[in-house]
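What follows is a short report on a single structure.
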Amino acid sequence: MKMMLWTAAALFSAAVFAEVGPGENILLNGRLETDQTDLPLYWSVGGPKGTAIWEPSGGPGGIPCMTFRNPGGKKGEFTLRQYGIRLATNGTYRISAMLRTKGFRSRNCGAVVVNQGWNHAHGPKGFASDLPWTRFEKTFKPVKSSDGRYSAVVFAVDPVGELSVADFRMEALDAVAQAETQPSSAAKASRTPRLLTWGTDLLYIPRAKPEIAFRAFGNLPPACDLVVGPADSSCAPEAGAPPDRDPGAHRPPVRVPLLPKLTTVALPADQTGGTLTARVVDRAGGTNVCSSTFAYRVVDPVDTTGHRRLNNLVREVLTAKAGSAPLHFTTTRDGWVFVSVKPQGTAPAAFAVALDGRKVMDASTPRLETFRQIPYGRHLLAVTGADGAHVVVRQIAEVFNYCPGANSLVKENPPYDWAFQRKYGHPAVTTQNGGSIPKEHRDWFRGQGYLWLANLGTTKLKDAADMLARLQKAAGLNEPCYDGVTCDEQFFGQPDVLSSYMEGLRAYPNPKDRLIYTWIVGKPGTPGVDHDFLRASADASRGRGRVMFEAYCRTRATEEQARAYMDDYVTDTLRRYDAWCPGIAPSVGIAFGDFNQVPILSLAHHPEVDYKYYLDMQLNLVATSPEFEGLGCTGYWGSYYADHELHRWAMRLLRHYCVEGRTDMLSAQYGYRYLPGTVANGDFRGTLDGWTATGDVKTDSHKGFGSRAQNRWGGNGGLGDTFAVFARTAGATNALTQTVRGLVPGRKYCLQFAAFDADDAKADRIAPRRFGVRATLGDGAEVVPELSWLHVDKRVKGRYAHNNGVARINLRHVVFTARAPEVVLTLDDADAKPGEHLAVNYVSVNPFFED
């Protein structure tokens with residue numbers, strides 16, 4: 001048995017299965033642990049920025065504490081608060097906390113329990129200016145709360161000096177309080193006993209050290225044993241467990257004491273794999289407390305001589321010249337390989353390639369390359385009819401795209417049809433999700449090795465039975481054209497829903513052995529349930545499941561800010577995943593957002609930013625940063641919400657990083673930059689700076705316009721709410737001009753801007769029509785008519801509910817070839833009607849990607 005430090009999962013010790021036991025802390029994480037977060041889990045912290053400090057060992061006896069430090073006397077209310085506690089009004093409770101002060105004073109302060117609206121507060125109040133660590137407490141019966149919920153809060157109004165709190169507790173003192181107190185759903189989820197495998201790559205257990213580590217979570221009896229054995233009657237599996245495949249599985253289970261840390265169980269030397277069930281058993285009563293059933297495999301090491309790591313996603317496992325003898329290579333995981341065989345000249349009719357005895361390529365194969373899924377181990381590649389051909393085999397991450405065959409809602413974009421997929425998607429993507437693959441092409445698609453997963457809605461689950469029913473009826477798990485499903489979608493912070501999801505997922509027998517991937521939003525934060533969710537999602541489909549993290553990165557004003565944002569949003573999420581489920585990276589997929597289509601759905605919030613470069617930054621991050629080593633999958637969600645240029649660019653990025661294994665930014669080849677510097681102040685943020693106005697032109701704003709009318713999605717901080725307004729009068733044209741700078745003669749660029757009626761915008765009035773705003777490019781620009789268009793948003797109802805009841809825009813898209821380093825851009829209202837107040841914003845000029 002081996003040891004590992006116990007973290008936040010062991011915060012609570014109470015009688016098993018009791019609602020609230022004697023002496024149990026009703027507050028969740030009253031010890032103020034963090035477990036990979038900056039501030040204590042389940043607590044809201046308020047006050048001026050920088051004044052709340054978490055100290056990991058600053059409390060009495062070295063326990064954690066929170067300190068409010070305000071030597072300058074900044075005004076405000078400082079709070080440490082936990083919401084949503086249901087108490088019995090006829091029960092008796094005690095609230096207590098360890099407190100320390102240094103040079104402290106405050107107009108009002110306390111460690112209290114408050115009802116809804118803070119009409120009544122129970123608990124100690126008012127603290128001396130300089131106190132050592134001292135426990136304050138008070139016994140109380142709660143005054144009725146209007147919604148039945150209470151909050152526990154340490155607060156100080158306009159404090160000076162320091163106030164520190166540790167070991168914040170609330171206890172139920174009598175039978176009524178113990179029976180009727182209802183802990184929060186997060187508390188219940190954290191207290192639920194769970195058993196997980198821990199840090200063991202279950203499908204790659206080395207034969208030289210065949211063992212599995214386990215970790216228990218939640219409230220457990222004081223003395224327990226861990227029982228591990230085959231999934232049979234002597235060690236009953238959970239409902240829906242897959243059949244055992246280990247020929248030597250019918251031996252007695254192993255029983256060892258369960259440690260309050262990490263418990264490691266050695267497997268018999270002759271086991272090769274199968275399905276095991278592990279149980280936590282109460283040593284005193286002999287009852288099962290919790291269990292876990294999982295697939296496993298014991299493997300021999302493979303020879304990696306000749307392997308060459310290209311980046312985090314790609315490993316070259318073979319490069320050779322084809323001859324009469326077969327070629328051999330090894331792979332270090334089950335998964336995808338890219339095979340390229342390029343003859344000298346045109347492939348002859350007799351050309352063929354077989355992988356492990358199965359034909360995978362002939363002279364008609366596009367590009368003479370293929371993607372294939374193969375198991376861990378040694379493989380044989382046979383090439384006939386092309387002696388001397390250059391052979392390359394790369395082990396690659398799964399490459400994902402949602403969704404094929406769906407056209408843009410901005411119909412001026414060319415179709416994203418089968419021809420588009422053949423040209424741009426198939427060279428880069430292994431796995432398509434949702435959308436449509438034409439029936440007449442499905443056999444060919446599957447024969448080429450590609451996968452197609454259907455999408456399954458799993459939000460708003462009623463219970464585990466609901467989840468199970470959805471899986472049983474899912475097209476992706478039943479219809480022959482599919483290879484599985486993506487379950488769409490779950491959210492960390494919803495423990496009840498996650499518990500239903502996991503229970504239903506584990507109950508599903510998966511009779512066709514198809515893939516089940518899980519979309520997830522956010523970072524794990526609820527001990528026990530979130531640990532379990534990551535493990536359950538990875539263990540689906542006999543260990544072939546995926547946790548599909550939705551990493552939809554919004555633009556930031558500068559490249560430096562964008563990199564800091566990606567570190568927090570993307571990299572830190574992977575750090576958290578690994579902390580909560582060690583070694584999970586091969587079971588994780590990161591789906592970035594490549595949607596930029598205003599007014600439908602866009603992550604491109606700043607018109608000054610070239611979103612192509614930003615997408616490149618994101619894939620470059622996962623390809624090169626060490627936190628993403630061994631990542632199982634990456635790709636895009638929302639390609640049909642991308643304009644045609646960005647859709648093509650996104651596929652090219654996937655090829656660059658996920659197939660070619662590059663580490664350099666593709667943007668460097670095209671001279672792209674995060675801020676091209678071509679146009680300034682494209683959103684007219686409060687001023688006309690950068691523009692020269694002629695006539696009656698002013699700035700204005702309307703709160704929420706950028707989000708609602710243009711769908712700059714996902715929290716944009718008011719970007720798009722500002723605009724320039726032309727006040728048209730009879731015989732007078734208003735205009736804005738700016739010199740577009742930094743152009744490279746001979747290169748194509750794209751000018752885009754939004755035009756709309758300012759009166760409609762401010763009245764939230766839907767009146768779709770073409771608006772009379774013109775764009776003129778001066779000498780030095782040659783417009784490309786076949787690539788230019790005007791989109792009039794005529795939707796009566798939007799793609800999302802928040803589009804309803806707001807003004808509609810025109811999106812002007814002009815592609816031009818630069819003939820000089822600078823060109824004058826003029827926007828005017830010459831085609832407007834007198835009395836109209838037409839507006840513009842989202843003005844951008846970026847290099848145009850040509851394939």
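Just remember, in the structure tokens the first chain shown is A, the second B, etc., residues are 1-based per chain, and ligands are 1-based in the order shown.
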Any idea what's packed within 7 Å of Gln395 (chain A), counting only C-alpha atoms, ignoring anything in its chain fewer than 2 positions away? Could you give it as a compact mmCIF listing (two decimals) with C-alpha atoms, in the first residue's frame?
# COMPACT_ATOMS: atom_id res chain seq x y z
CA VAL A 314 2.04 14.03 -32.84
CA ARG A 315 4.74 11.37 -32.64
CA GLU A 316 6.41 10.09 -35.81
CA VAL A 317 6.69 6.32 -35.43
CA THR A 331 2.32 2.72 -31.10
CA TRP A 336 -5.15 7.28 -34.36
CA VAL A 337 -2.33 7.05 -36.85
CA PHE A 338 -1.75 9.06 -39.99
CA VAL A 393 3.42 6.96 -40.09
Return as CSV the residues of region 499-580 of chain A lying at most 8 Å from region 293-299 of chain A, together with the closest atom-to-atom pair for each and the distance in Å to one decimal, counting only C-alpha atoms, with rows in chain order and ascending residue number.
residue,atom,partner,partner_atom,distance
A:Asp539,CA,A:Phe294,CA,6.8
A:Arg542,CA,A:Ala295,CA,5.5
A:Gly543,CA,A:Ala295,CA,6.5
Could those residues be written to a file, using N, CA and C atoms, as a short mmCIF file (atom, residue, chain, number, x, y, z; two decimals), in the first residue's frame?
data_model
loop_
_atom_site.label_atom_id
_atom_site.label_comp_id
_atom_site.auth_asym_id
_atom_site.auth_seq_id
_atom_site.Cartn_x
_atom_site.Cartn_y
_atom_site.Cartn_z
N ASP A 539 -13.96 6.67 -18.22
CA ASP A 539 -14.13 5.21 -18.17
C ASP A 539 -15.25 4.71 -19.08
N ARG A 542 -15.70 1.36 -22.11
CA ARG A 542 -14.57 0.50 -21.70
C ARG A 542 -13.25 1.26 -21.75
N GLY A 543 -13.27 2.46 -21.18
CA GLY A 543 -12.06 3.26 -21.08
C GLY A 543 -11.77 4.12 -22.28
#
Against region 369-381 of chain A, which residues of region 388-499 of chain A fall within 7 Å? For each one I want the closest pair of atoms and the distance in Å (one decimal), counting only C-alpha atoms, rows by chain and increasing residue number, as a Markdown table.
| residue | atom | partner | partner_atom | distance |
| --- | --- | --- | --- | --- |
| A:Thr430 | CA | A:Phe371 | CA | 6.6 |
| A:Gln448 | CA | A:Thr370 | CA | 6.7 |
| A:Gly449 | CA | A:Arg372 | CA | 5.2 |
| A:Tyr450 | CA | A:Phe371 | CA | 7.0 |
Could you write out the selected residues, including all heavy atoms, as a PDB file, in the first residue's frame?
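In the end it all went to out16.pdb:
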ATOM      1  N   THR A 430     -10.204  13.633 -38.144  1.00  0.00           N
ATOM      2  CA  THR A 430     -10.488  12.197 -38.029  1.00  0.00           C
ATOM      3  C   THR A 430     -11.936  11.926 -37.652  1.00  0.00           C
ATOM      4  O   THR A 430     -12.498  10.904 -38.040  1.00  0.00           O
ATOM      5  CB  THR A 430      -9.592  11.545 -36.966  1.00  0.00           C
ATOM      6  OG1 THR A 430      -9.930  12.070 -35.668  1.00  0.00           O
ATOM      7  CG2 THR A 430      -8.126  11.805 -37.239  1.00  0.00           C
ATOM      8  N   GLN A 448     -12.752   4.897 -45.361  1.00  0.00           N
ATOM      9  CA  GLN A 448     -11.510   5.655 -45.269  1.00  0.00           C
ATOM     10  C   GLN A 448     -10.992   5.773 -43.838  1.00  0.00           C
ATOM     11  O   GLN A 448      -9.936   6.360 -43.606  1.00  0.00           O
ATOM     12  CB  GLN A 448     -11.714   7.050 -45.854  1.00  0.00           C
ATOM     13  CG  GLN A 448     -11.979   7.057 -47.351  1.00  0.00           C
ATOM     14  CD  GLN A 448     -10.802   6.506 -48.134  1.00  0.00           C
ATOM     15  OE1 GLN A 448      -9.680   6.972 -48.004  1.00  0.00           O
ATOM     16  NE2 GLN A 448     -11.068   5.500 -48.958  1.00  0.00           N
ATOM     17  N   GLY A 449     -11.769   5.248 -42.882  1.00  0.00           N
ATOM     18  CA  GLY A 449     -11.315   5.227 -41.499  1.00  0.00           C
ATOM     19  C   GLY A 449     -11.864   6.322 -40.619  1.00  0.00           C
ATOM     20  O   GLY A 449     -11.601   6.349 -39.409  1.00  0.00           O
ATOM     21  N   TYR A 450     -12.648   7.250 -41.178  1.00  0.00           N
ATOM     22  CA  TYR A 450     -13.172   8.360 -40.391  1.00  0.00           C
ATOM     23  C   TYR A 450     -14.283   7.898 -39.452  1.00  0.00           C
ATOM     24  O   TYR A 450     -14.940   6.878 -39.684  1.00  0.00           O
ATOM     25  CB  TYR A 450     -13.727   9.450 -41.312  1.00  0.00           C
ATOM     26  CG  TYR A 450     -12.724  10.066 -42.239  1.00  0.00           C
ATOM     27  CD1 TYR A 450     -12.783   9.837 -43.617  1.00  0.00           C
ATOM     28  CD2 TYR A 450     -11.706  10.883 -41.764  1.00  0.00           C
ATOM     29  CE1 TYR A 450     -11.867  10.410 -44.491  1.00  0.00           C
ATOM     30  CE2 TYR A 450     -10.784  11.467 -42.628  1.00  0.00           C
ATOM     31  CZ  TYR A 450     -10.867  11.217 -43.995  1.00  0.00           C
ATOM     32  OH  TYR A 450      -9.964  11.794 -44.840  1.00  0.00           O
TER      33      TYR A 450
END
Legend entry - Nearest-residue call for Ala730 (chain A), choices A:Asp530, A:Asp417, A:Asp829, A:Asp764, using only C-alpha atoms: A:Asp829
Determine, for each residue of region 262-304 of chain A having at least one atom at most 6 Å from an atom of region 215-225 of chain A, the closest pair of atoms and their separation in Å to one decimal, counting only C-alpha atoms; order by chain and ascending number, as CSV.
residue,atom,partner,partner_atom,distance
A:Leu262,CA,A:Arg215,CA,5.3
A:Val280,CA,A:Asp225,CA,5.8
A:Val281,CA,A:Asp225,CA,5.2
A:Asp282,CA,A:Cys224,CA,4.6
A:Arg283,CA,A:Cys224,CA,4.9
Inset, instruction - Work out how far apart CA of Gln182 (chain A) and CA of Thr89 (chain A) are and give it in Å to one decimal. - result: 12.0 Å
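Closest approach to Leu259 (chain A) among A:Ala775, A:Ala213, A:Ile396, A:Ala650 is made by A:Ala213 (distances from only C-alpha atoms).
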